[in-house]
>>> print(open('query.pdb').read())   # PDB, C-alpha atoms
ATOM      1  CA  MET A  30       0.000   0.000   0.000
ATOM      2  CA  ARG A  31       2.898   2.348   0.724
ATOM      3  CA  SER A  32       4.214   2.009  -2.819
ATOM      4  CA  LEU A  33       0.779   2.924  -4.197
ATOM      5  CA  GLU A  34       0.693   6.002  -1.963
ATOM      6  CA  ARG A  35       4.190   6.961  -3.122
ATOM      7  CA  LEU A  36       3.168   6.462  -6.756
ATOM      8  CA  ILE A  37       0.126   8.697  -6.295
ATOM      9  CA  ARG A  38       2.230  11.322  -4.503
ATOM     10  CA  THR A  39       4.805  11.455  -7.312
ATOM     11  CA  GLY A  40       2.102  11.836  -9.932
ATOM     12  CA  GLY A  41       2.774   8.463 -11.559
ATOM     13  CA  ARG A  42       6.285   9.406 -12.715
ATOM     14  CA  ARG A  43       7.584   6.031 -11.659
ATOM     15  CA  TYR A  44       5.814   4.268 -14.548
ATOM     16  CA  PRO A  45       8.170   5.460 -17.331
ATOM     17  CA  GLU A  46      11.200   4.581 -15.214
ATOM     18  CA  THR A  47       9.883   1.073 -14.582
ATOM     19  CA  MET A  48       9.030   0.623 -18.250
ATOM     20  CA  LYS A  49      12.548   1.683 -19.263
ATOM     21  CA  ARG A  50      14.001  -0.957 -16.977
ATOM     22  CA  LEU A  51      11.606  -3.605 -18.249
ATOM     23  CA  ILE A  52      12.437  -2.801 -21.880
ATOM     24  CA  LEU A  53      16.179  -2.841 -21.168
ATOM     25  CA  ILE A  54      15.948  -6.219 -19.427
ATOM     26  CA  SER A  55      13.832  -7.604 -22.286
ATOM     27  CA  LEU A  56      16.372  -6.462 -24.863
ATOM     28  CA  LEU A  57      19.256  -7.944 -22.894
ATOM     29  CA  LEU A  58      17.480 -11.273 -22.568
ATOM     30  CA  ALA A  59      16.583 -11.278 -26.251
ATOM     31  CA  GLY A  60      20.243 -10.695 -27.076
ATOM     32  CA  CYS A  61      21.211 -13.703 -24.979
ATOM     33  CA  SER A  62      18.805 -16.043 -26.708
ATOM     34  CA  GLY A  63      20.010 -17.947 -29.740
ATOM     35  CA  SER A  64      19.426 -15.327 -32.409
ATOM     36  CA  GLY A  65      21.634 -17.069 -34.950
ATOM     37  CA  LEU A  66      23.774 -13.952 -35.467
ATOM     38  CA  THR A  67      27.365 -14.409 -36.512
ATOM     39  CA  THR A  68      30.113 -11.831 -36.239
ATOM     40  CA  SER A  69      33.224 -11.789 -38.387
ATOM     41  CA  ARG A  70      35.831  -9.420 -39.774
ATOM     42  CA  GLY A  71      36.251  -8.319 -43.373
ATOM     43  CA  PRO A  72      39.588  -8.155 -45.193
ATOM     44  CA  ASN A  73      40.173  -4.541 -44.135
ATOM     45  CA  GLY A  74      38.925  -4.824 -40.557
ATOM     46  CA  GLU A  75      35.225  -4.264 -41.276
ATOM     47  CA  THR A  76      32.771  -5.760 -38.809
ATOM     48  CA  ILE A  77      30.236  -8.090 -40.405
ATOM     49  CA  VAL A  78      27.210  -9.116 -38.333
ATOM     50  CA  GLY A  79      24.404 -11.151 -39.815
ATOM     51  CA  ASN A  80      22.278 -14.242 -40.087
ATOM     52  CA  ASP A  81      20.727 -16.042 -43.045
ATOM     53  CA  VAL A  82      18.307 -13.191 -43.882
ATOM     54  CA  SER A  83      20.238  -9.972 -43.163
ATOM     55  CA  VAL A  84      23.704  -8.539 -42.654
ATOM     56  CA  GLN A  85      25.252  -5.292 -41.391
ATOM     57  CA  ILE A  86      28.665  -4.082 -42.490
ATOM     58  CA  THR A  87      30.418  -1.510 -40.293
ATOM     59  CA  GLY A  88      33.566   0.380 -41.236
ATOM     60  CA  ALA A  89      33.684  -0.297 -44.976
ATOM     61  CA  ALA A  90      35.800   2.101 -47.028
ATOM     62  CA  ASN A  91      32.836   3.043 -49.237
ATOM     63  CA  PRO A  92      29.281   1.891 -50.073
ATOM     64  CA  ASN A  93      30.466  -0.287 -52.976
ATOM     65  CA  SER A  94      32.856  -2.152 -50.704
ATOM     66  CA  ALA A  95      30.076  -2.719 -48.165
ATOM     67  CA  PHE A  96      27.770  -4.026 -50.899
ATOM     68  CA  GLU A  97      30.430  -6.424 -52.216
ATOM     69  CA  GLN A  98      30.982  -7.831 -48.741
ATOM     70  CA  ALA A  99      27.246  -8.155 -48.172
ATOM     71  CA  GLN A 100      26.942  -9.996 -51.499
ATOM     72  CA  ARG A 101      29.665 -12.452 -50.440
ATOM     73  CA  TYR A 102      28.012 -12.967 -47.057
ATOM     74  CA  CYS A 103      24.535 -13.530 -48.510
ATOM     75  CA  ALA A 104      25.891 -15.868 -51.200
ATOM     76  CA  ARG A 105      26.886 -18.303 -48.444
ATOM     77  CA  HIS A 106      23.149 -18.710 -47.833
ATOM     78  CA  ASP A 107      22.260 -18.857 -51.561
ATOM     79  CA  ARG A 108      20.853 -15.334 -51.424
ATOM     80  CA  SER A 109      21.607 -11.895 -52.856
ATOM     81  CA  ALA A 110      22.197  -8.679 -50.935
ATOM     82  CA  ARG A 111      19.633  -5.872 -51.140
ATOM     83  CA  PHE A 112      20.548  -2.489 -49.624
ATOM     84  CA  VAL A 113      18.205  -1.415 -46.808
ATOM     85  CA  GLY A 114      19.851   1.696 -45.361
ATOM     86  CA  GLN A 115      22.878   3.273 -43.774
ATOM     87  CA  THR A 116      23.453   4.928 -40.418
ATOM     88  CA  GLY A 117      26.866   6.464 -39.884
ATOM     89  CA  THR A 118      29.429   3.874 -40.931
ATOM     90  CA  THR A 119      27.025   0.907 -40.757
ATOM     91  CA  ALA A 120      25.252  -0.291 -43.894
ATOM     92  CA  ALA A 121      22.346  -2.735 -43.577
ATOM     93  CA  PHE A 122      21.341  -5.295 -46.187
ATOM     94  CA  ASP A 123      18.649  -7.938 -46.517
ATOM     95  CA  CYS A 124      19.692 -11.302 -47.913
ATOM     96  CA  VAL A 125      16.914 -12.139 -50.365
ATOM     97  CA  LYS A 126      16.392 -15.358 -52.276
ATOM     98  CA  SER A 127      17.668 -15.115 -55.824
ATOM     99  CA  SER A 128      14.898 -15.463 -58.365
TER
END
>>> encode(input="query.pdb", output="structure tokens")
Amino acid sequence: MRSLERLIRTGGRRYPETMKRLILISLLLAGCSGSGLTTSRGPNGETIVGNDVSVQITGAANPNSAFEQAQRYCARHDRSARFVGQTGTTAAFDCVKSS
């Protein structure tokens, strides 16, 4: 009952704080589950993180280099890379089935 009184007194501000913690814990647990992600390094130190349906390339010298590496990665799963977007130095690709 005391916690309810405290919550009422603070105007319900505790809810967002609790939700932030819950979301953070959920994300951490999701990261620990077997997501099938693999991490490797490219020939020039790029970081390659992906699974059989998507891949992210970080630190490529240019967009063409990132695309070439994504193509090689996706080809291991009999798929082709399709550019999704870029944020900073990380380019994201979907690995789509070749038609």
>>> atom_distance(input="query.pdb", atom1="CA of Phe96 in chain A", atom2="CA of Thr68 in chain A")
16.8 Å
>>> residues_near_point(input="query.pdb", point="(28.7, 0.1, -44.2)", cutoff="12 Å", atoms="only C-alpha atoms", output="count of residues only")
33
>>> atom_distance(input="query.pdb", atom1="CA of Gly65 in chain A", atom2="CA of Ser127 in chain A")
21.3 Å
>>> residues_around(input="query.pdb", residues="Lys126 in chain A", least_positions_apart="3", cutoff="12 Å", atoms="all atoms listed in the file", output="count of residues only")
14
>>> resolve_selection(input="query.pdb", expression="the PyMOL selection byres ((chain A and resi 66) around 6)", output="JSON list (two decimals) with C-alpha atoms, keeping the file's coordinate frame")
[["chain", "number", "residue", "atom", "x", "y", "z"],
["A", 64, "SER", "CA", 19.43, -15.33, -32.41],
["A", 65, "GLY", "CA", 21.63, -17.07, -34.95],
["A", 67, "THR", "CA", 27.36, -14.41, -36.51],
["A", 79, "GLY", "CA", 24.40, -11.15, -39.82],
["A", 80, "ASN", "CA", 22.28, -14.24, -40.09]]
>>> decode(input="query.pdb", residues="range 77-123 of chain A", atoms="C-alpha atoms", output="PDB file, in the first residue's frame")
ATOM      1  CA  ILE A  77      30.236  -8.090 -40.405  1.00  0.00           C
ATOM      2  CA  VAL A  78      27.210  -9.116 -38.333  1.00  0.00           C
ATOM      3  CA  GLY A  79      24.404 -11.151 -39.815  1.00  0.00           C
ATOM      4  CA  ASN A  80      22.278 -14.242 -40.087  1.00  0.00           C
ATOM      5  CA  ASP A  81      20.727 -16.042 -43.045  1.00  0.00           C
ATOM      6  CA  VAL A  82      18.307 -13.191 -43.882  1.00  0.00           C
ATOM      7  CA  SER A  83      20.238  -9.972 -43.163  1.00  0.00           C
ATOM      8  CA  VAL A  84      23.704  -8.539 -42.654  1.00  0.00           C
ATOM      9  CA  GLN A  85      25.252  -5.292 -41.391  1.00  0.00           C
ATOM     10  CA  ILE A  86      28.665  -4.082 -42.490  1.00  0.00           C
ATOM     11  CA  THR A  87      30.418  -1.510 -40.293  1.00  0.00           C
ATOM     12  CA  GLY A  88      33.566   0.380 -41.236  1.00  0.00           C
ATOM     13  CA  ALA A  89      33.684  -0.297 -44.976  1.00  0.00           C
ATOM     14  CA  ALA A  90      35.800   2.101 -47.028  1.00  0.00           C
ATOM     15  CA  ASN A  91      32.836   3.043 -49.237  1.00  0.00           C
ATOM     16  CA  PRO A  92      29.281   1.891 -50.073  1.00  0.00           C
ATOM     17  CA  ASN A  93      30.466  -0.287 -52.976  1.00  0.00           C
ATOM     18  CA  SER A  94      32.856  -2.152 -50.704  1.00  0.00           C
ATOM     19  CA  ALA A  95      30.076  -2.719 -48.165  1.00  0.00           C
ATOM     20  CA  PHE A  96      27.770  -4.026 -50.899  1.00  0.00           C
ATOM     21  CA  GLU A  97      30.430  -6.424 -52.216  1.00  0.00           C
ATOM     22  CA  GLN A  98      30.982  -7.831 -48.741  1.00  0.00           C
ATOM     23  CA  ALA A  99      27.246  -8.155 -48.172  1.00  0.00           C
ATOM     24  CA  GLN A 100      26.942  -9.996 -51.499  1.00  0.00           C
ATOM     25  CA  ARG A 101      29.665 -12.452 -50.440  1.00  0.00           C
ATOM     26  CA  TYR A 102      28.012 -12.967 -47.057  1.00  0.00           C
ATOM     27  CA  CYS A 103      24.535 -13.530 -48.510  1.00  0.00           C
ATOM     28  CA  ALA A 104      25.891 -15.868 -51.200  1.00  0.00           C
ATOM     29  CA  ARG A 105      26.886 -18.303 -48.444  1.00  0.00           C
ATOM     30  CA  HIS A 106      23.149 -18.710 -47.833  1.00  0.00           C
ATOM     31  CA  ASP A 107      22.260 -18.857 -51.561  1.00  0.00           C
ATOM     32  CA  ARG A 108      20.853 -15.334 -51.424  1.00  0.00           C
ATOM     33  CA  SER A 109      21.607 -11.895 -52.856  1.00  0.00           C
ATOM     34  CA  ALA A 110      22.197  -8.679 -50.935  1.00  0.00           C
ATOM     35  CA  ARG A 111      19.633  -5.872 -51.140  1.00  0.00           C
ATOM     36  CA  PHE A 112      20.548  -2.489 -49.624  1.00  0.00           C
ATOM     37  CA  VAL A 113      18.205  -1.415 -46.808  1.00  0.00           C
ATOM     38  CA  GLY A 114      19.851   1.696 -45.361  1.00  0.00           C
ATOM     39  CA  GLN A 115      22.878   3.273 -43.774  1.00  0.00           C
ATOM     40  CA  THR A 116      23.453   4.928 -40.418  1.00  0.00           C
ATOM     41  CA  GLY A 117      26.866   6.464 -39.884  1.00  0.00           C
ATOM     42  CA  THR A 118      29.429   3.874 -40.931  1.00  0.00           C
ATOM     43  CA  THR A 119      27.025   0.907 -40.757  1.00  0.00           C
ATOM     44  CA  ALA A 120      25.252  -0.291 -43.894  1.00  0.00           C
ATOM     45  CA  ALA A 121      22.346  -2.735 -43.577  1.00  0.00           C
ATOM     46  CA  PHE A 122      21.341  -5.295 -46.187  1.00  0.00           C
ATOM     47  CA  ASP A 123      18.649  -7.938 -46.517  1.00  0.00           C
TER      48      ASP A 123
END
